[in-house]
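Q: Below is one structure. I have some questions about it.
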Amino acid sequence: MPTLGNPIVHRGWSRAVFTCAIAWLAGAQLHAEAIIEGAVTLPPPKGTAPTVRYQAAGEVAPPPVPVAVVYLEGDFPKPAAPRVLRMAQRQFQFEHAVLPVGVGTRVEFPNQDAEYHNVFSYSKTKRFDLGRYRMDETPAALTFEQPGVVRLYCDIHDHMRGAILVLATPHFTSTAPGGKFRLAGLPAGTFTLKAWIDEKTVREQRVTLTDGETLRINFPAPSGESQ
Amino acid sequence: MKRTSAFCRRWLPLLLLLALSASAPAQELLDKLDDALFVQSPGGFFRTDLSGRLDLEGYYHEGNPPGLIFPTDNFFFNPRLSLFLDARLGEQFYSFVQFRADRGFDVGLKQHNGDARFDEYLLRWTPWRAGELNVQVGKFATAVGNWVPRHLAWENPFITAPAPYENVTVITDQAAPASPAAMLARRNIPDRKGAWLPVVWGPSYASGASVFGRVEKFDYALEVKNASISSRPSAWDATELGWSNPTVSGRVGVRPSAAWNFGASFSRGAYLLPAAKPTLPAGTSLGDFPQITLAADANWSWRHWQVWAEIFASRFDVPNVGNADTLAYYVETKYKFTPHLFGALRWNQQFFGKIPNGLGGEAQWDRNLWRADAALGWRFTRHVQAKVQYSYSHQQGYLQQGEQMVATQVSVKF
């Protein structure tokens with residue numbers, strides 16, 4: 001075993017090489033990462049009032065806070081393992097106003113209320129009707145294969161509104177309440193950054209990203225406030 | 001040629017509405033309307049929402065029209081525009097108005113004239129958010145039974161109502177029969193829908209006040225109204241009929257799980273209208289002749305199945321005759337085959353008790369009925385739906401009323 005020599009020395013060399021490799025990889029990663037931060041000016045929330053005409057209603061939560069989905073459009077490799085996300089129903093509202101997901105993502109629709117929900121969509125991107133299910137019988141997750149918007153409703157509670165935005169990019173995020181966003185881990189290059197508010201309102205801007213740089217982009221309302 | 005033009009005249013409005021409303025621009029417009037038709041104060045303390053339905057219906061029946069379809073040609077076209085105004089003031093006050101423009105509350109009631117009415121209007125106070133107590137006044141649907149939550153065209157898997165809500169019996173609210181024999185003689189003539197009554201007249205939008213609410217798995221409702229549950233639409237308005245002979249109705253319900261809902265209802269109130277006063281036996285008044293109804297209901301649902309059932313035992317105290325009892329029930333199921341296609345089946349039966357026949361014996365006071373209903377529906381979008389219903393019914397005896405009926409309905413919701 002001439003090449004190994006003293007096992008203690010060998011262990012020391014291995015550790016040094018490993019540490020250098022990790023440091024190099026981490027550095028490379030840090031260098032490749034660009035960040036975009038900013039804010040999207042959101043329209044005032046619409047909300048839909050619950051229908052209580054013929055039956056006593058339980059406590060209904062206010063509708064979820066409206067958000068925009070900010071994403072980078074480009075030709076990116078697909079993520080290796082599709083994720084499983086959730087769009088729960090709680091206090092007779094959908095958990096998210098809009099849930100952005102990548103193509104191929106599986107989404108579960110757990111019911112967290114004591115009464116039935118019946119989630120359905122007639123959107124061309126994905127048509128489905130899960131039927132009535134209660135709290136402890138979440139139906140099988142659905143896979144969203146096609147990019148586009150999937151408008152969600154409940155067949156029992158007419159006021160419930162939600163959406164799933166299926167995106168062909170791995171680089172997306174939802175805005176926080178108030179419209180702020182941070183999109184990290186982006187590759188260098190020139191791309192189109194989009195802010196999706198609804199089918200009719202998608203704001204966009206060309207961006208050039210440089211390794212290690214943080215870009216600040218705001219999407220004001222069309223009436224005109226500058227960035 | 002004649003046949004083609006008749007076909008066009010009858011079905012074209014429905015097909016046109018379907019084609020227009022299911023088109024992409026119409027969907028866009030309906031989506032916009034769905035989101036736009038509300039007014040809200042800046043903090044949301046006051047909010048009012050306007051919504052509506054346009055229903056076009058076509059009925060084709062054999063012979064005499066069945067149920068609450070008033071005498072018409074064998075084919076009858078029935079358009080209806082319904083507008084709903086829901087208003088909220090804070091968390092405690094709610095108000096609702098339903099306005100309809102059509103050809104009468106029931107099919108064919110005002111076949112040569114248009115009609116416009118406020119069918120429901122109410123003011124509700126809900127002191128606590130969880131809805132344990134609601135106090136309501138106005139003109140609104142009955143608390144009896146479990147059909148009311150699905151009685152509007154969009155929610156109803158069928159086009160017509162279940163038999164207890166529409167099968168017209170020989171009981172009249174217009175006059176006391178001179179004798180049992182006079183009442184029994186009515187069995188042999190086609191229904192006089194302008195004078196006779198079913199057990200429950202549709203959703204029974206009578207006027208009055210109610211308290212209702214939900215506590216955990218239980219719900220309750222108690223209402224005092226101006227007219228009995230069998231009373232005709234013209235009696236529901238407080239300006240037409242006061243509260244001198246009120247009807248008291250109620251329901252208690254329990255939901256052991258999300259899948260099940262059981263209820264028991266009662267109702268007691270005078271069913272004779274003031275027009276009948278001169279025909280009453282001496283020393284009696286309208287309030288001495290009540291309709292007393294006990295009912296039980298159940299519904300179950302799971303995934304794409306829904307099942308409803310109700311049974312009504314109703315007793316009409318008939319002047320110069322005595323008690324006229326009837327038992328009516330139905331079982332109804334709906335299944336969604338796909339997100340767009342659903343089917344429904346319903347089995348209805350009504351049995352009639354016996355009254356003295358004036359010859360020392362007894363006779364059934366009306367003819368027993370059974371009816372099977374089947375419906376198919378297609379929900380094109382969240383705003384457009386089309387249904388077709390076929391019904392086959394049979395009444396004891398030779399006289400049949402609409403033994404077969406086909407109905408179609410196109411609904412646009414916004």
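Ordering of the structure tokens sets the chain letters (A, B, ...), residue numbers begin anew at 1 in every chain, and ligands are numbered from 1 in the order given.
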Do you have, as CSV, the list of residues of chain B lying at most 7 Å from chain A, each with its nearest atom pair and that distance in Å to one decimal, counting only C-alpha atoms and ordered by chain then number?
A:
residue,atom,partner,partner_atom,distance
B:Arg129,CA,A:Glu59,CA,6.0
B:Ala130,CA,A:Glu59,CA,5.0
B:Gly131,CA,A:Gly58,CA,5.9
B:Pro149,CA,A:Tyr54,CA,5.6
B:Gly213,CA,A:Ala56,CA,5.7
B:Arg214,CA,A:Ala56,CA,6.5
B:Ala258,CA,A:Glu115,CA,5.0
B:Trp302,CA,A:Arg132,CA,5.4
B:Arg303,CA,A:Gly131,CA,4.0
B:His304,CA,A:Gly131,CA,4.8
B:Pro339,CA,A:Asp129,CA,5.0
B:Thr381,CA,A:Tyr122,CA,6.4
Q: Please identify all polymer residues within 8 Å of B:Pro79, counting only C-alpha atoms, omitting same-chain residues fewer than 4 positions from it, and present them as JSON, numbers by chain.
A: {"B": [54, 55, 56, 57, 102, 103]}
Q: May I have the residues from that selection written out with C-alpha atoms, as a short mmCIF file (atom, residue, chain, number, x, y, z; two decimals), in the first residue's frame?
A:
data_model
loop_
_atom_site.label_atom_id
_atom_site.label_comp_id
_atom_site.auth_asym_id
_atom_site.auth_seq_id
_atom_site.Cartn_x
_atom_site.Cartn_y
_atom_site.Cartn_z
CA LEU B 54 -81.69 33.82 -17.06
CA ASP B 55 -83.63 30.57 -17.44
CA LEU B 56 -85.31 29.47 -20.66
CA GLU B 57 -87.53 26.43 -20.33
CA ASP B 102 -91.40 35.77 -16.33
CA ARG B 103 -94.78 34.40 -17.46
#
Q: Mind checking which residues fall within 8 Å of stretch 191-201 of chain B, counting only C-alpha atoms, ignoring those fewer than 4 positions away in the same chain, and posting them as a PyMOL selection string?
A: chain B and resi 68+70+164-174+229-233+314
Q: Could you give me, as number ranges by chain, each residue of stretch 49-252 of chain B that DSSP assigns to strand (DSSP E) when run on this structure's backbone?
A: B: 49-63, 75-89, 93-102, 115-125, 134-139, 207-215, 218-225, 247-252
Q: Give me the residues within 10 Å of B:Ala181 as a PyMOL selection string, counting only C-alpha atoms and dropping any in the same chain fewer than 5 places off.
A: chain B and resi 186+321+355-359+363+365
Q: Produce a file of the selected residues containing N, CA and C atoms, as a PDB file, in the first residue's frame.
A:
ATOM      1  N   ARG B 186    -114.493  15.528  -7.338  1.00  0.00           N
ATOM      2  CA  ARG B 186    -113.381  16.246  -7.991  1.00  0.00           C
ATOM      3  C   ARG B 186    -112.306  15.300  -8.530  1.00  0.00           C
ATOM      4  N   VAL B 321    -116.443  17.668   5.801  1.00  0.00           N
ATOM      5  CA  VAL B 321    -115.880  16.373   5.408  1.00  0.00           C
ATOM      6  C   VAL B 321    -115.153  15.707   6.577  1.00  0.00           C
ATOM      7  N   ILE B 355    -112.058   9.113   3.190  1.00  0.00           N
ATOM      8  CA  ILE B 355    -113.046   9.961   3.863  1.00  0.00           C
ATOM      9  C   ILE B 355    -114.426   9.322   3.656  1.00  0.00           C
ATOM     10  N   PRO B 356    -115.389   9.701   4.474  1.00  0.00           N
ATOM     11  CA  PRO B 356    -116.742   9.123   4.267  1.00  0.00           C
ATOM     12  C   PRO B 356    -117.259   9.477   2.869  1.00  0.00           C
ATOM     13  N   ASN B 357    -117.875   8.508   2.240  1.00  0.00           N
ATOM     14  CA  ASN B 357    -118.353   8.768   0.867  1.00  0.00           C
ATOM     15  C   ASN B 357    -119.821   9.223   0.822  1.00  0.00           C
ATOM     16  N   GLY B 358    -120.429   9.393   1.983  1.00  0.00           N
ATOM     17  CA  GLY B 358    -121.807   9.865   2.011  1.00  0.00           C
ATOM     18  C   GLY B 358    -122.800   8.741   1.810  1.00  0.00           C
ATOM     19  N   LEU B 359    -122.301   7.520   1.576  1.00  0.00           N
ATOM     20  CA  LEU B 359    -123.196   6.369   1.364  1.00  0.00           C
ATOM     21  C   LEU B 359    -122.988   5.331   2.467  1.00  0.00           C
ATOM     22  N   ALA B 363    -114.093   6.290   0.994  1.00  0.00           N
ATOM     23  CA  ALA B 363    -113.398   6.249  -0.297  1.00  0.00           C
ATOM     24  C   ALA B 363    -112.145   7.110  -0.214  1.00  0.00           C
ATOM     25  N   TRP B 365    -109.766   9.972  -1.027  1.00  0.00           N
ATOM     26  CA  TRP B 365    -110.219  11.305  -1.442  1.00  0.00           C
ATOM     27  C   TRP B 365    -109.479  11.838  -2.681  1.00  0.00           C
TER      28      TRP B 365
END
Q: Between atom CA of B:Leu222 and atom CA of B:Phe93, what is the distance in Å, rounded to a tenth?
A: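 For atom CA of B:Leu222 relative to atom CA of B:Phe93, the distance reads 19.1 Å.
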Q: Could you state the separation of atom CA of A:Phe172 and atom CA of A:Phe109 in Å, given to one decimal place?
A: 21.2 Å
Q: Env of B:Phe352: 12 Å cut, atoms = only C-alpha atoms, seq-sep filter 6 positions within chain, self excluded. Answer as a tab-separated table (two decimals) with C-alpha atoms, in the first residue's frame.
A:
chain	number	residue	atom	x	y	z
B	169	THR	CA	-104.61	17.43	-4.86
B	170	VAL	CA	-108.39	18.02	-4.80
B	171	ILE	CA	-108.10	20.14	-1.64
B	184	LEU	CA	-114.88	13.00	-4.00
B	187	ARG	CA	-111.24	13.15	-8.40
B	199	VAL	CA	-99.00	19.57	0.11
B	312	PHE	CA	-94.57	14.30	4.33
B	313	ALA	CA	-97.66	13.27	6.27
B	314	SER	CA	-100.21	16.02	5.87
B	315	ARG	CA	-103.73	16.35	7.22
B	316	PHE	CA	-106.23	18.87	5.84
B	323	ASN	CA	-109.75	14.93	8.06
B	324	ALA	CA	-108.23	14.29	4.65
B	325	ASP	CA	-104.85	12.63	5.08
B	326	THR	CA	-102.08	12.20	2.52
B	327	LEU	CA	-98.59	10.75	2.58
B	328	ALA	CA	-96.04	11.83	-0.01
B	363	ALA	CA	-113.40	6.25	-0.30
B	364	GLN	CA	-109.94	7.54	-1.08
B	365	TRP	CA	-110.22	11.30	-1.44
B	366	ASP	CA	-107.77	11.55	-4.36
B	367	ARG	CA	-105.99	9.21	-6.72
B	368	ASN	CA	-102.64	7.72	-5.66
B	369	LEU	CA	-99.71	8.75	-7.81
B	370	TRP	CA	-96.28	7.48	-8.67
B	395	GLN	CA	-102.30	8.06	-11.32
B	396	GLN	CA	-104.77	5.52	-10.01
Q: Just the residues within 12 Å of B:Pro274, please, counting only C-alpha atoms, with nothing from its chain fewer than 4 positions along; format it as a list of chain:residue names.
A: B:Asp173, B:Gln174, B:Ala175, B:Ala176, B:Ala227, B:Ala235, B:Glu240, B:Leu241, B:Gly242, B:Trp243, B:Ser244, B:Asn245, B:Ala270, B:Pro278, B:Thr279, B:Leu280, B:Ser285, B:Leu286, B:Gly287
Q: Give me the residues within 7 Å of A:Pro100 as a VMD selection string, counting only C-alpha atoms and dropping any in the same chain fewer than 3 places off.
A: chain A and resid 69 164 to 166
